[in-house]
$ cat protein.pdb   # PDB, C-alpha atoms and all ligand atoms
ATOM      1  CA  LEU A 776      92.705 138.382 105.297  1.00  0.00           C
ATOM      2  CA  GLU A 777      89.341 137.452 106.758  1.00  0.00           C
ATOM      3  CA  CYS A 778      88.587 135.498 103.613  1.00  0.00           C
ATOM      4  CA  GLU A 779      91.886 133.606 103.893  1.00  0.00           C
ATOM      5  CA  VAL A 780      91.185 132.582 107.474  1.00  0.00           C
ATOM      6  CA  THR A 781      87.719 131.253 106.693  1.00  0.00           C
ATOM      7  CA  LYS A 782      89.108 129.304 103.769  1.00  0.00           C
ATOM      8  CA  LEU A 783      91.778 127.788 105.978  1.00  0.00           C
ATOM      9  CA  GLU A 784      89.255 126.918 108.667  1.00  0.00           C
ATOM     10  CA  ARG A 785      87.025 125.339 106.077  1.00  0.00           C
ATOM     11  CA  LEU A 786      89.889 123.212 104.758  1.00  0.00           C
ATOM     12  CA  ASN A 787      90.691 122.218 108.307  1.00  0.00           C
ATOM     13  CA  LEU A 788      87.120 121.162 108.896  1.00  0.00           C
ATOM     14  CA  ILE A 789      87.074 119.079 105.718  1.00  0.00           C
ATOM     15  CA  GLY A 790      90.333 117.433 106.779  1.00  0.00           C
ATOM     16  CA  GLN A 791      88.956 116.638 110.224  1.00  0.00           C
ATOM     17  CA  LEU A 792      85.706 115.301 108.779  1.00  0.00           C
ATOM     18  CA  ALA A 793      87.606 113.100 106.352  1.00  0.00           C
ATOM     19  CA  ALA A 794      89.856 111.763 109.117  1.00  0.00           C
ATOM     20  CA  GLY A 795      86.836 111.108 111.331  1.00  0.00           C
ATOM     21  CA  LEU A 796      84.939 109.385 108.556  1.00  0.00           C
ATOM     22  CA  GLY A 797      87.960 107.254 107.714  1.00  0.00           C
ATOM     23  CA  HIS A 798      88.288 106.200 111.319  1.00  0.00           C
ATOM     24  CA  GLU A 799      84.569 105.478 111.749  1.00  0.00           C
ATOM     25  CA  VAL A 800      84.412 103.405 108.578  1.00  0.00           C
ATOM     26  CA  ARG A 801      87.621 101.530 109.249  1.00  0.00           C
ATOM     27  CA  ASN A 802      86.625 100.115 112.613  1.00  0.00           C
ATOM     28  CA  PRO A 803      83.591  98.162 111.373  1.00  0.00           C
ATOM     29  CA  MET A 804      85.597  97.090 108.330  1.00  0.00           C
ATOM     30  CA  THR A 805      88.229  95.551 110.584  1.00  0.00           C
ATOM     31  CA  THR A 806      85.481  93.623 112.368  1.00  0.00           C
ATOM     32  CA  ILE A 807      83.984  92.398 109.087  1.00  0.00           C
ATOM     33  CA  LYS A 808      87.400  91.325 107.801  1.00  0.00           C
ATOM     34  CA  GLY A 809      88.069  89.409 110.999  1.00  0.00           C
ATOM     35  CA  PHE A 810      84.828  87.435 110.685  1.00  0.00           C
ATOM     36  CA  LEU A 811      85.374  86.799 106.986  1.00  0.00           C
ATOM     37  CA  GLN A 812      88.839  85.417 107.701  1.00  0.00           C
ATOM     38  CA  MET A 813      87.384  83.210 110.384  1.00  0.00           C
ATOM     39  CA  LEU A 814      84.611  81.871 108.114  1.00  0.00           C
ATOM     40  CA  GLN A 815      87.060  81.430 105.252  1.00  0.00           C
ATOM     41  CA  ASP A 816      88.819  78.668 107.192  1.00  0.00           C
ATOM     42  CA  LYS A 817      85.643  76.714 108.033  1.00  0.00           C
ATOM     43  CA  GLU A 818      85.657  73.271 106.390  1.00  0.00           C
ATOM     44  CA  ASP A 819      81.928  73.221 105.550  1.00  0.00           C
ATOM     45  CA  LEU A 820      82.143  76.619 103.829  1.00  0.00           C
ATOM     46  CA  HIS A 821      84.987  75.557 101.592  1.00  0.00           C
ATOM     47  CA  THR A 822      82.924  75.745  98.378  1.00  0.00           C
ATOM     48  CA  TYR A 823      82.597  79.478  98.988  1.00  0.00           C
ATOM     49  CA  LYS A 824      86.331  80.096  99.508  1.00  0.00           C
ATOM     50  CA  ASN A 825      86.575  82.192  96.315  1.00  0.00           C
ATOM     51  CA  TYR A 826      83.817  84.490  97.528  1.00  0.00           C
ATOM     52  CA  PHE A 827      85.601  85.006 100.831  1.00  0.00           C
ATOM     53  CA  ASP A 828      88.876  85.769  99.051  1.00  0.00           C
ATOM     54  CA  LEU A 829      87.065  88.295  96.892  1.00  0.00           C
ATOM     55  CA  MET A 830      85.337  89.968  99.823  1.00  0.00           C
ATOM     56  CA  ILE A 831      88.614  90.248 101.739  1.00  0.00           C
ATOM     57  CA  ASP A 832      90.381  91.675  98.661  1.00  0.00           C
ATOM     58  CA  GLU A 833      87.664  94.263  98.252  1.00  0.00           C
ATOM     59  CA  LEU A 834      87.894  95.218 101.908  1.00  0.00           C
ATOM     60  CA  ASP A 835      91.661  95.640 101.538  1.00  0.00           C
ATOM     61  CA  ARG A 836      91.108  97.835  98.498  1.00  0.00           C
ATOM     62  CA  THR A 837      88.587  99.961 100.351  1.00  0.00           C
ATOM     63  CA  ASN A 838      91.081 100.316 103.151  1.00  0.00           C
ATOM     64  CA  ALA A 839      93.775 101.415 100.673  1.00  0.00           C
ATOM     65  CA  ILE A 840      91.406 104.026  99.231  1.00  0.00           C
ATOM     66  CA  ILE A 841      90.741 105.408 102.712  1.00  0.00           C
ATOM     67  CA  THR A 842      94.483 105.573 103.496  1.00  0.00           C
ATOM     68  CA  ASP A 843      95.297 107.391 100.241  1.00  0.00           C
ATOM     69  CA  PHE A 844      92.267 109.627 100.532  1.00  0.00           C
ATOM     70  CA  LEU A 845      93.230 110.637 104.064  1.00  0.00           C
ATOM     71  CA  SER A 846      96.746 111.664 103.086  1.00  0.00           C
ATOM     72  CA  LEU A 847      95.184 113.717 100.312  1.00  0.00           C
ATOM     73  CA  ALA A 848      92.540 115.324 102.497  1.00  0.00           C
ATOM     74  CA  LYS A 849      94.947 116.083 105.319  1.00  0.00           C
ATOM     75  CA  ASN A 850      95.496 119.786 105.339  1.00  0.00           C
ATOM     76  CA  LYS A 851      98.326 119.706 107.781  1.00  0.00           C
ATOM     77  CA  PRO A 852     100.421 122.830 107.540  1.00  0.00           C
ATOM     78  CA  LYS A 853     103.708 122.177 105.845  1.00  0.00           C
ATOM     79  CA  GLU A 854     106.793 121.817 107.991  1.00  0.00           C
ATOM     80  CA  ILE A 855     109.306 123.242 105.633  1.00  0.00           C
ATOM     81  CA  GLN A 856     112.964 122.834 106.449  1.00  0.00           C
ATOM     82  CA  ARG A 857     116.014 123.557 104.381  1.00  0.00           C
ATOM     83  CA  GLN A 858     117.763 120.267 103.881  1.00  0.00           C
ATOM     84  CA  SER A 859     119.522 117.868 101.609  1.00  0.00           C
ATOM     85  CA  LEU A 860     117.128 116.113  99.237  1.00  0.00           C
ATOM     86  CA  ASN A 861     119.869 113.546  98.649  1.00  0.00           C
ATOM     87  CA  ASN A 862     119.928 112.651 102.362  1.00  0.00           C
ATOM     88  CA  LEU A 863     116.161 112.217 102.386  1.00  0.00           C
ATOM     89  CA  LEU A 864     116.377 109.947  99.336  1.00  0.00           C
ATOM     90  CA  GLU A 865     119.304 108.008 100.773  1.00  0.00           C
ATOM     91  CA  ASN A 866     117.177 107.136 103.826  1.00  0.00           C
ATOM     92  CA  LEU A 867     114.179 106.217 101.709  1.00  0.00           C
ATOM     93  CA  TYR A 868     116.330 104.196  99.361  1.00  0.00           C
ATOM     94  CA  THR A 869     116.942 101.417 101.903  1.00  0.00           C
ATOM     95  CA  LEU A 870     113.200 100.892 102.145  1.00  0.00           C
ATOM     96  CA  LEU A 871     112.653 101.023  98.396  1.00  0.00           C
ATOM     97  CA  GLN A 872     115.483  98.611  97.731  1.00  0.00           C
ATOM     98  CA  ALA A 873     113.932  96.072 100.087  1.00  0.00           C
ATOM     99  CA  ASP A 874     110.575  96.608  98.369  1.00  0.00           C
ATOM    100  CA  ALA A 875     112.150  96.096  94.940  1.00  0.00           C
ATOM    101  CA  TYR A 876     114.213  93.033  95.898  1.00  0.00           C
ATOM    102  CA  SER A 877     111.206  91.310  97.425  1.00  0.00           C
ATOM    103  CA  GLN A 878     109.598  91.539  93.964  1.00  0.00           C
ATOM    104  CA  GLY A 879     112.723  90.375  92.121  1.00  0.00           C
ATOM    105  CA  LYS A 880     113.418  93.895  90.883  1.00  0.00           C
ATOM    106  CA  LYS A 881     116.201  96.406  91.381  1.00  0.00           C
ATOM    107  CA  CYS A 882     116.344  99.949  92.638  1.00  0.00           C
ATOM    108  CA  ILE A 883     119.278 102.307  92.133  1.00  0.00           C
ATOM    109  CA  PHE A 884     119.865 105.783  93.518  1.00  0.00           C
ATOM    110  CA  GLU A 885     122.176 108.163  91.675  1.00  0.00           C
ATOM    111  CA  PRO A 886     122.523 111.377  93.674  1.00  0.00           C
ATOM    112  CA  GLY A 887     123.799 114.408  91.803  1.00  0.00           C
ATOM    113  CA  GLU A 888     125.316 117.667  92.966  1.00  0.00           C
ATOM    114  CA  ILE A 889     122.368 119.741  94.142  1.00  0.00           C
ATOM    115  CA  PRO A 890     121.962 122.516  96.686  1.00  0.00           C
ATOM    116  CA  ASP A 891     119.804 122.062  99.797  1.00  0.00           C
ATOM    117  CA  ILE A 892     116.146 122.934  99.335  1.00  0.00           C
ATOM    118  CA  ASP A 893     113.157 123.937 101.458  1.00  0.00           C
ATOM    119  CA  ILE A 894     110.921 120.889 101.727  1.00  0.00           C
ATOM    120  CA  ASP A 895     108.542 119.072 104.051  1.00  0.00           C
ATOM    121  CA  VAL A 896     110.181 115.679 104.715  1.00  0.00           C
ATOM    122  CA  ASN A 897     106.931 113.767 105.172  1.00  0.00           C
ATOM    123  CA  GLU A 898     105.332 115.132 102.058  1.00  0.00           C
ATOM    124  CA  ILE A 899     108.331 114.630  99.775  1.00  0.00           C
ATOM    125  CA  THR A 900     108.799 111.131 101.195  1.00  0.00           C
ATOM    126  CA  GLN A 901     105.161 110.379 100.292  1.00  0.00           C
ATOM    127  CA  LEU A 902     105.634 111.810  96.824  1.00  0.00           C
ATOM    128  CA  VAL A 903     108.741 109.735  96.077  1.00  0.00           C
ATOM    129  CA  LEU A 904     107.181 106.586  97.565  1.00  0.00           C
ATOM    130  CA  ASN A 905     104.135 106.932  95.340  1.00  0.00           C
ATOM    131  CA  LEU A 906     106.179 107.524  92.170  1.00  0.00           C
ATOM    132  CA  ALA A 907     108.557 104.692  93.027  1.00  0.00           C
ATOM    133  CA  ARG A 908     105.751 102.245  93.831  1.00  0.00           C
ATOM    134  CA  ASN A 909     104.047 103.043  90.526  1.00  0.00           C
ATOM    135  CA  GLY A 910     107.368 102.451  88.775  1.00  0.00           C
ATOM    136  CA  LEU A 911     107.893  99.119  90.514  1.00  0.00           C
ATOM    137  CA  GLU A 912     104.311  98.061  89.805  1.00  0.00           C
ATOM    138  CA  ALA A 913     104.745  98.848  86.106  1.00  0.00           C
ATOM    139  CA  MET A 914     107.802  96.614  85.741  1.00  0.00           C
ATOM    140  CA  SER A 915     108.059  92.889  85.280  1.00  0.00           C
ATOM    141  CA  GLN A 916     110.721  90.917  87.144  1.00  0.00           C
ATOM    142  CA  ASP A 917     114.352  91.984  86.581  1.00  0.00           C
ATOM    143  CA  GLY A 918     113.227  95.527  85.952  1.00  0.00           C
ATOM    144  CA  CYS A 919     115.316  98.326  87.400  1.00  0.00           C
ATOM    145  CA  LEU A 920     114.072 101.545  88.962  1.00  0.00           C
ATOM    146  CA  ILE A 921     116.473 104.491  88.928  1.00  0.00           C
ATOM    147  CA  ILE A 922     116.110 107.529  91.140  1.00  0.00           C
ATOM    148  CA  ARG A 923     118.278 110.499  90.253  1.00  0.00           C
ATOM    149  CA  THR A 924     118.837 114.052  91.348  1.00  0.00           C
ATOM    150  CA  PHE A 925     120.471 116.668  89.146  1.00  0.00           C
ATOM    151  CA  MET A 926     120.441 120.317  88.150  1.00  0.00           C
ATOM    152  CA  GLU A 927     119.022 121.582  84.901  1.00  0.00           C
ATOM    153  CA  GLY A 928     118.937 125.276  84.206  1.00  0.00           C
ATOM    154  CA  SER A 929     117.310 126.905  87.217  1.00  0.00           C
ATOM    155  CA  ASN A 930     115.689 123.703  88.442  1.00  0.00           C
ATOM    156  CA  ILE A 931     116.641 121.036  90.928  1.00  0.00           C
ATOM    157  CA  ILE A 932     115.297 117.845  89.436  1.00  0.00           C
ATOM    158  CA  LEU A 933     114.342 114.557  91.022  1.00  0.00           C
ATOM    159  CA  SER A 934     113.594 111.813  88.540  1.00  0.00           C
ATOM    160  CA  VAL A 935     112.089 108.367  88.960  1.00  0.00           C
ATOM    161  CA  GLN A 936     112.691 106.166  85.953  1.00  0.00           C
ATOM    162  CA  ASP A 937     111.291 102.693  85.399  1.00  0.00           C
ATOM    163  CA  GLU A 938     111.644  99.998  82.752  1.00  0.00           C
ATOM    164  CA  GLY A 939     107.936  99.306  82.728  1.00  0.00           C
ATOM    165  CA  LYS A 940     105.459  98.963  79.928  1.00  0.00           C
ATOM    166  CA  GLY A 941     104.875 102.688  79.618  1.00  0.00           C
ATOM    167  CA  ILE A 942     101.659 104.690  79.725  1.00  0.00           C
ATOM    168  CA  ASP A 943      99.153 104.608  76.855  1.00  0.00           C
ATOM    169  CA  THR A 944      98.880 107.952  75.071  1.00  0.00           C
ATOM    170  CA  GLU A 945      95.163 108.199  75.810  1.00  0.00           C
ATOM    171  CA  HIS A 946      95.910 107.723  79.498  1.00  0.00           C
ATOM    172  CA  LEU A 947      98.579 110.439  79.720  1.00  0.00           C
ATOM    173  CA  THR A 948      96.030 113.250  80.031  1.00  0.00           C
ATOM    174  CA  LYS A 949      94.186 111.377  82.765  1.00  0.00           C
ATOM    175  CA  LEU A 950      97.218 111.125  85.075  1.00  0.00           C
ATOM    176  CA  GLY A 951      96.494 112.870  88.336  1.00  0.00           C
ATOM    177  CA  THR A 952      92.716 112.659  87.929  1.00  0.00           C
ATOM    178  CA  PRO A 953      91.373 111.323  91.235  1.00  0.00           C
ATOM    179  CA  PHE A 954      90.381 107.634  91.047  1.00  0.00           C
ATOM    180  CA  PHE A 955      91.888 107.111  87.593  1.00  0.00           C
ATOM    181  CA  THR A 956      93.510 103.693  87.734  1.00  0.00           C
ATOM    182  CA  THR A 957      94.278 100.883  85.306  1.00  0.00           C
ATOM    183  CA  LYS A 958      95.117  98.469  88.134  1.00  0.00           C
ATOM    184  CA  GLU A 959      92.783  95.865  89.507  1.00  0.00           C
ATOM    185  CA  ASN A 960      93.688  96.881  93.039  1.00  0.00           C
ATOM    186  CA  GLY A 961      94.587 100.491  92.368  1.00  0.00           C
ATOM    187  CA  THR A 962      93.115 103.472  94.172  1.00  0.00           C
ATOM    188  CA  GLY A 963      93.919 106.100  91.575  1.00  0.00           C
ATOM    189  CA  LEU A 964      94.853 108.447  94.387  1.00  0.00           C
ATOM    190  CA  GLY A 965      98.643 108.091  94.351  1.00  0.00           C
ATOM    191  CA  LEU A 966      99.349 110.553  91.556  1.00  0.00           C
ATOM    192  CA  PRO A 967      96.763 113.127  92.670  1.00  0.00           C
ATOM    193  CA  LEU A 968      98.619 113.156  95.984  1.00  0.00           C
ATOM    194  CA  CYS A 969     101.951 113.604  94.156  1.00  0.00           C
ATOM    195  CA  TYR A 970     100.583 116.524  92.133  1.00  0.00           C
ATOM    196  CA  SER A 971      99.114 118.183  95.191  1.00  0.00           C
ATOM    197  CA  ILE A 972     102.377 117.840  97.152  1.00  0.00           C
ATOM    198  CA  ALA A 973     104.418 119.143  94.210  1.00  0.00           C
ATOM    199  CA  ASP A 974     102.025 122.074  93.952  1.00  0.00           C
ATOM    200  CA  ARG A 975     102.492 122.892  97.631  1.00  0.00           C
ATOM    201  CA  HIS A 976     106.241 123.029  97.006  1.00  0.00           C
ATOM    202  CA  ASN A 977     105.933 125.157  93.861  1.00  0.00           C
ATOM    203  CA  ALA A 978     107.335 122.172  92.019  1.00  0.00           C
ATOM    204  CA  GLN A 979     106.184 120.778  88.695  1.00  0.00           C
ATOM    205  CA  ILE A 980     105.775 117.206  87.565  1.00  0.00           C
ATOM    206  CA  GLU A 981     106.599 116.141  84.025  1.00  0.00           C
ATOM    207  CA  VAL A 982     106.214 112.720  82.471  1.00  0.00           C
ATOM    208  CA  GLU A 983     108.061 110.988  79.659  1.00  0.00           C
ATOM    209  CA  SER A 984     106.774 107.602  78.626  1.00  0.00           C
ATOM    210  CA  GLY A 985     107.466 105.089  75.908  1.00  0.00           C
ATOM    211  CA  PRO A 986     107.415 101.346  75.305  1.00  0.00           C
ATOM    212  CA  ASN A 987     110.685 100.971  77.253  1.00  0.00           C
ATOM    213  CA  GLY A 988     109.528 102.719  80.360  1.00  0.00           C
ATOM    214  CA  THR A 989     108.386 105.852  82.076  1.00  0.00           C
ATOM    215  CA  THR A 990     110.204 108.685  83.789  1.00  0.00           C
ATOM    216  CA  PHE A 991     108.565 111.107  86.179  1.00  0.00           C
ATOM    217  CA  TYR A 992     110.451 114.376  86.756  1.00  0.00           C
ATOM    218  CA  VAL A 993     109.805 116.602  89.742  1.00  0.00           C
ATOM    219  CA  LEU A 994     111.152 120.076  89.027  1.00  0.00           C
ATOM    220  CA  PHE A 995     111.870 122.109  92.144  1.00  0.00           C
ATOM    221  CA  PRO A 996     112.617 125.779  91.607  1.00  0.00           C
ATOM    222  CA  LYS A 997     116.185 126.688  92.542  1.00  0.00           C
ATOM    223  CA  THR A 998     114.883 129.616  94.527  1.00  0.00           C
ATOM    224  CA  VAL A 999     112.621 128.290  97.238  1.00  0.00           C
ATOM    225  CA  GLY A1000     111.373 130.806  99.764  1.00  0.00           C
ATOM    226  CA  SER A1001     114.208 133.158 100.493  1.00  0.00           C
ATOM    227  CA  TYR A1002     116.818 130.731  99.328  1.00  0.00           C
ATOM    228  CA  ILE A1003     118.968 131.877  96.457  1.00  0.00           C
ATOM    229  CA  VAL A1004     121.709 129.704  95.051  1.00  0.00           C
TER     230      VAL A1004
HETATM  231  P1  LIG A1101      97.184 103.577  91.278  1.00  0.00           P
HETATM  232  O1  LIG A1101      98.663 103.303  91.369  1.00  0.00           O
HETATM  233  O2  LIG A1101      96.455 103.222  92.524  1.00  0.00           O
HETATM  234  O3  LIG A1101      96.554 102.987  90.048  1.00  0.00           O
HETATM  235  P2  LIG A1101      98.035 106.274  90.740  1.00  0.00           P
HETATM  236  O4  LIG A1101      97.356 107.584  90.867  1.00  0.00           O
HETATM  237  O5  LIG A1101      99.308 106.086  91.479  1.00  0.00           O
HETATM  238  O6  LIG A1101      96.975 105.166  91.143  1.00  0.00           O
HETATM  239  O7  LIG A1101      98.309 106.002  89.201  1.00  0.00           O
HETATM  240  C1  LIG A1101      97.246 106.111  88.267  1.00  0.00           C
HETATM  241  C2  LIG A1101      97.517 105.338  86.997  1.00  0.00           C
HETATM  242  O8  LIG A1101      98.589 105.944  86.262  1.00  0.00           O
HETATM  243  C3  LIG A1101      97.973 103.907  87.196  1.00  0.00           C
HETATM  244  O9  LIG A1101      96.887 103.024  87.389  1.00  0.00           O
HETATM  245  C4  LIG A1101      98.711 103.621  85.883  1.00  0.00           C
HETATM  246  O10 LIG A1101      97.802 103.307  84.847  1.00  0.00           O
HETATM  247  C5  LIG A1101      99.313 104.967  85.542  1.00  0.00           C
HETATM  248  N1  LIG A1101     100.734 105.046  85.949  1.00  0.00           N
HETATM  249  C6  LIG A1101     101.254 105.797  86.946  1.00  0.00           C
HETATM  250  N2  LIG A1101     102.584 105.645  87.018  1.00  0.00           N
HETATM  251  C7  LIG A1101     102.936 104.774  86.056  1.00  0.00           C
HETATM  252  C8  LIG A1101     104.190 104.195  85.615  1.00  0.00           C
HETATM  253  N3  LIG A1101     105.342 104.503  86.212  1.00  0.00           N
HETATM  254  N4  LIG A1101     104.157 103.335  84.561  1.00  0.00           N
HETATM  255  C9  LIG A1101     102.990 103.030  83.956  1.00  0.00           C
HETATM  256  N5  LIG A1101     101.785 103.530  84.325  1.00  0.00           N
HETATM  257  C10 LIG A1101     101.750 104.388  85.353  1.00  0.00           C
HETATM  258 MG    MG A1102      99.974 104.346  92.614  1.00  0.00          MG
END
$ encode --input "protein.pdb" --output "structure tokens"
Amino acid sequence: LECEVTKLERLNLIGQLAAGLGHEVRNPMTTIKGFLQMLQDKEDLHTYKNYFDLMIDELDRTNAIITDFLSLAKNKPKEIQRQSLNNLLENLYTLLQADAYSQGKKCIFEPGEIPDIDIDVNEITQLVLNLARNGLEAMSQDGCLIIRTFMEGSNIILSVQDEGKGIDTEHLTKLGTPFFTTKENGTGLGLPLCYSIADRHNAQIEVESGPNGTTFYVLFPKTVGSYIV
């Protein structure tokens, strides 16, 4: 037991350090960005506009890395509540639909008959957001993202299917490796977060990918905690 407590305290400390570092680094970055934006608009510096754009982009990317890293490093205890996954997704869906439409894409939610499960709303919301955003980012215009829930054997399954370009075979094994990204502005921290959240829920993530798109499956066990269907 003593060992467990020290481990927990250590994790807590790492989380606090990470949050502190993020905060400390972000403040000066905000200042730098502000000055860059100001200089960017100066007439006599116009020849350097591309450099300013680049510097601001890189600052934004650094900021994104800090945000993703912080949600990963946060060792907040889970707030597990038995609830309807479909309700959670229904709420999230409005947001995702707006996201999709603004990019000329579609998002559909097909809820299936599933029992309530024990989940942390914030964490599962993060997980779905990250999978959905990856799906949207992989698709060209007119693409459609489909989120489904259904039962299969003893699992409650949540799937996020896209009509994107698929994942190269040599990249499949790298999914979930921190900082692995094929995107110019990617952080490579989205999937590691998904895997860590799934892990904390005793859920598994499976991937199916081909030239017509990719589907991520999150398999929740039907028996979560003391819940038996
Ligand atoms: P990021 O989105 O910042 O690149 P992620 O951890 O979310 O980081 O994803 C890592 C990489 O996995 C992506 O850069 C991409 O190459 C690949 N990937 C993830 N989801 C998909 C998807 N739905 N379709 C195609 N590639 C994907
Ligand atoms: Mg991502």
$ atom_distance --input "protein.pdb" --atom1 "atom CA of A:Arg836" --atom2 "atom CA of A:Gly951"
18.9 Å
$ closest_atom_pairs --input "protein.pdb" --of "chain A" --to "ligand MG 1102 (chain A)" --cutoff "6 Å" --atoms "all atoms listed in the file" --output "tab-separated table"
residue	atom	partner	partner_atom	distance
A:Asn905	CA	A:MG1102	MG	5.6
A:Asn909	CA	A:MG1102	MG	4.8
A:Gly965	CA	A:MG1102	MG	4.3
$ residues_near_ligand --input "protein.pdb" --ligand "ligand LIG 1101 (chain A)" --cutoff "7 Å" --atoms "only C-alpha atoms and all ligand atoms" --output "VMD selection string"
chain A and resid 905 to 906 909 to 910 913 937 939 to 942 950 to 951 954 to 958 960 to 967 988 to 990
$ residues_around --input "protein.pdb" --residues "A:Asn866" --least-positions-apart "6" --cutoff "12 Å" --atoms "all atoms listed in the file" --output "ChimeraX atom specification"
/A:859-860,872,884,896,900,903-904
$ axis_aligned_box --input "protein.pdb" --around "stretch 920-935 of chain A" --padding-each-side "5 Å" --output "lines of an AutoDock Vina configuration file"
center_x = 116.3
center_y = 114.2
center_z = 87.8
size_x = 18.4
size_y = 35.4
size_z = 17.1
$ residues_around --input "protein.pdb" --residues "A:Asp832" --least-positions-apart "2" --cutoff "12 Å" --atoms "all atoms listed in the file" --output "PyMOL selection string"
chain A and resi 808+811-812+825-830+834-839+959-961
$ atom_distance --input "protein.pdb" --atom1 "atom CA of A:Glu833" --atom2 "atom CA of A:Leu867"
29.3 Å
$ residues_around --input "protein.pdb" --residues "stretch 873-877 of chain A" --least-positions-apart "6" --cutoff "9 Å" --atoms "all atoms listed in the file" --output "PyMOL selection string"
chain A and resi 908+911+919-920
$ residues_around --input "protein.pdb" --residues "A:Tyr823" --least-positions-apart "6" --cutoff "10 Å" --atoms "only C-alpha atoms" --output "list in words"
Leu814, Gln815 and Lys817 of chain A
$ atom_distance --input "protein.pdb" --atom1 "atom CA of A:Asp917" --atom2 "atom CA of A:Lys880"
4.8 Å
$ closest_atom_pairs --input "protein.pdb" --of "stretch 818-868 of chain A" --to "stretch 782-797 of chain A" --cutoff "12 Å" --atoms "all atoms listed in the file" --output "JSON lines"
{"residue": "A:Thr837", "atom": "CA", "partner": "A:Gly797", "partner_atom": "CA", "distance": 10.4}
{"residue": "A:Asn838", "atom": "CA", "partner": "A:Gly797", "partner_atom": "CA", "distance": 8.9}
{"residue": "A:Ala839", "atom": "CA", "partner": "A:Gly797", "partner_atom": "CA", "distance": 10.8}
{"residue": "A:Ile840", "atom": "CA", "partner": "A:Gly797", "partner_atom": "CA", "distance": 9.7}
{"residue": "A:Ile841", "atom": "CA", "partner": "A:Gly797", "partner_atom": "CA", "distance": 6.0}
{"residue": "A:Thr842", "atom": "CA", "partner": "A:Gly797", "partner_atom": "CA", "distance": 7.9}
{"residue": "A:Asp843", "atom": "CA", "partner": "A:Gly797", "partner_atom": "CA", "distance": 10.5}
{"residue": "A:Phe844", "atom": "CA", "partner": "A:Ala793", "partner_atom": "CA", "distance": 8.2}
{"residue": "A:Leu845", "atom": "CA", "partner": "A:Ala794", "partner_atom": "CA", "distance": 6.2}
{"residue": "A:Ser846", "atom": "CA", "partner": "A:Ala794", "partner_atom": "CA", "distance": 9.2}
{"residue": "A:Leu847", "atom": "CA", "partner": "A:Gly790", "partner_atom": "CA", "distance": 8.9}
{"residue": "A:Ala848", "atom": "CA", "partner": "A:Gly790", "partner_atom": "CA", "distance": 5.3}
{"residue": "A:Lys849", "atom": "CA", "partner": "A:Gly790", "partner_atom": "CA", "distance": 5.0}
{"residue": "A:Asn850", "atom": "CA", "partner": "A:Gly790", "partner_atom": "CA", "distance": 5.9}
{"residue": "A:Lys851", "atom": "CA", "partner": "A:Asn787", "partner_atom": "CA", "distance": 8.1}
{"residue": "A:Pro852", "atom": "CA", "partner": "A:Asn787", "partner_atom": "CA", "distance": 9.8}
$ resolve_selection --input "protein.pdb" --expression "the PyMOL selection byres (((chain A and resi 924-933) around 10) and not hetatm)" --output "number ranges by chain"
A: 860-861, 864, 884-892, 903, 922-923, 934-936, 978-980, 991-998, 1004
$ closest_residue --input "protein.pdb" --among "A:Glu983, A:Glu818, A:Asp893, A:Glu912" --to "A:Gly879" --atoms "all atoms listed in the file"
A:Glu912
$ build_atoms --input "protein.pdb" --residues "stretch 863-873 of chain A" --atoms "N, CA and C atoms" --output "PDB file, in the coordinates of the input"
ATOM      1  N   LEU A 863     117.520 112.748 102.266  1.00  0.00           N
ATOM      2  CA  LEU A 863     116.161 112.217 102.386  1.00  0.00           C
ATOM      3  C   LEU A 863     116.014 110.965 101.516  1.00  0.00           C
ATOM      4  N   LEU A 864     116.507 111.061 100.278  1.00  0.00           N
ATOM      5  CA  LEU A 864     116.377 109.947  99.336  1.00  0.00           C
ATOM      6  C   LEU A 864     117.234 108.764  99.756  1.00  0.00           C
ATOM      7  N   GLU A 865     118.404 109.070 100.302  1.00  0.00           N
ATOM      8  CA  GLU A 865     119.304 108.008 100.773  1.00  0.00           C
ATOM      9  C   GLU A 865     118.605 107.170 101.847  1.00  0.00           C
ATOM     10  N   ASN A 866     117.910 107.842 102.764  1.00  0.00           N
ATOM     11  CA  ASN A 866     117.177 107.136 103.826  1.00  0.00           C
ATOM     12  C   ASN A 866     116.035 106.302 103.262  1.00  0.00           C
ATOM     13  N   LEU A 867     115.330 106.875 102.319  1.00  0.00           N
ATOM     14  CA  LEU A 867     114.179 106.217 101.709  1.00  0.00           C
ATOM     15  C   LEU A 867     114.620 105.024 100.858  1.00  0.00           C
ATOM     16  N   TYR A 868     115.794 105.165 100.300  1.00  0.00           N
ATOM     17  CA  TYR A 868     116.330 104.196  99.361  1.00  0.00           C
ATOM     18  C   TYR A 868     116.418 102.787  99.957  1.00  0.00           C
ATOM     19  N   THR A 869     116.826 102.707 101.220  1.00  0.00           N
ATOM     20  CA  THR A 869     116.942 101.417 101.903  1.00  0.00           C
ATOM     21  C   THR A 869     115.609 100.685 101.859  1.00  0.00           C
ATOM     22  N   LEU A 870     114.548 101.444 102.138  1.00  0.00           N
ATOM     23  CA  LEU A 870     113.200 100.892 102.145  1.00  0.00           C
ATOM     24  C   LEU A 870     112.775 100.451 100.747  1.00  0.00           C
ATOM     25  N   LEU A 871     113.049 101.318  99.777  1.00  0.00           N
ATOM     26  CA  LEU A 871     112.653 101.023  98.396  1.00  0.00           C
ATOM     27  C   LEU A 871     113.401  99.825  97.838  1.00  0.00           C
ATOM     28  N   GLN A 872     114.671  99.729  98.201  1.00  0.00           N
ATOM     29  CA  GLN A 872     115.483  98.611  97.731  1.00  0.00           C
ATOM     30  C   GLN A 872     114.910  97.287  98.235  1.00  0.00           C
ATOM     31  N   ALA A 873     114.525  97.275  99.510  1.00  0.00           N
ATOM     32  CA  ALA A 873     113.932  96.072 100.087  1.00  0.00           C
ATOM     33  C   ALA A 873     112.633  95.733  99.369  1.00  0.00           C
TER      34      ALA A 873
END
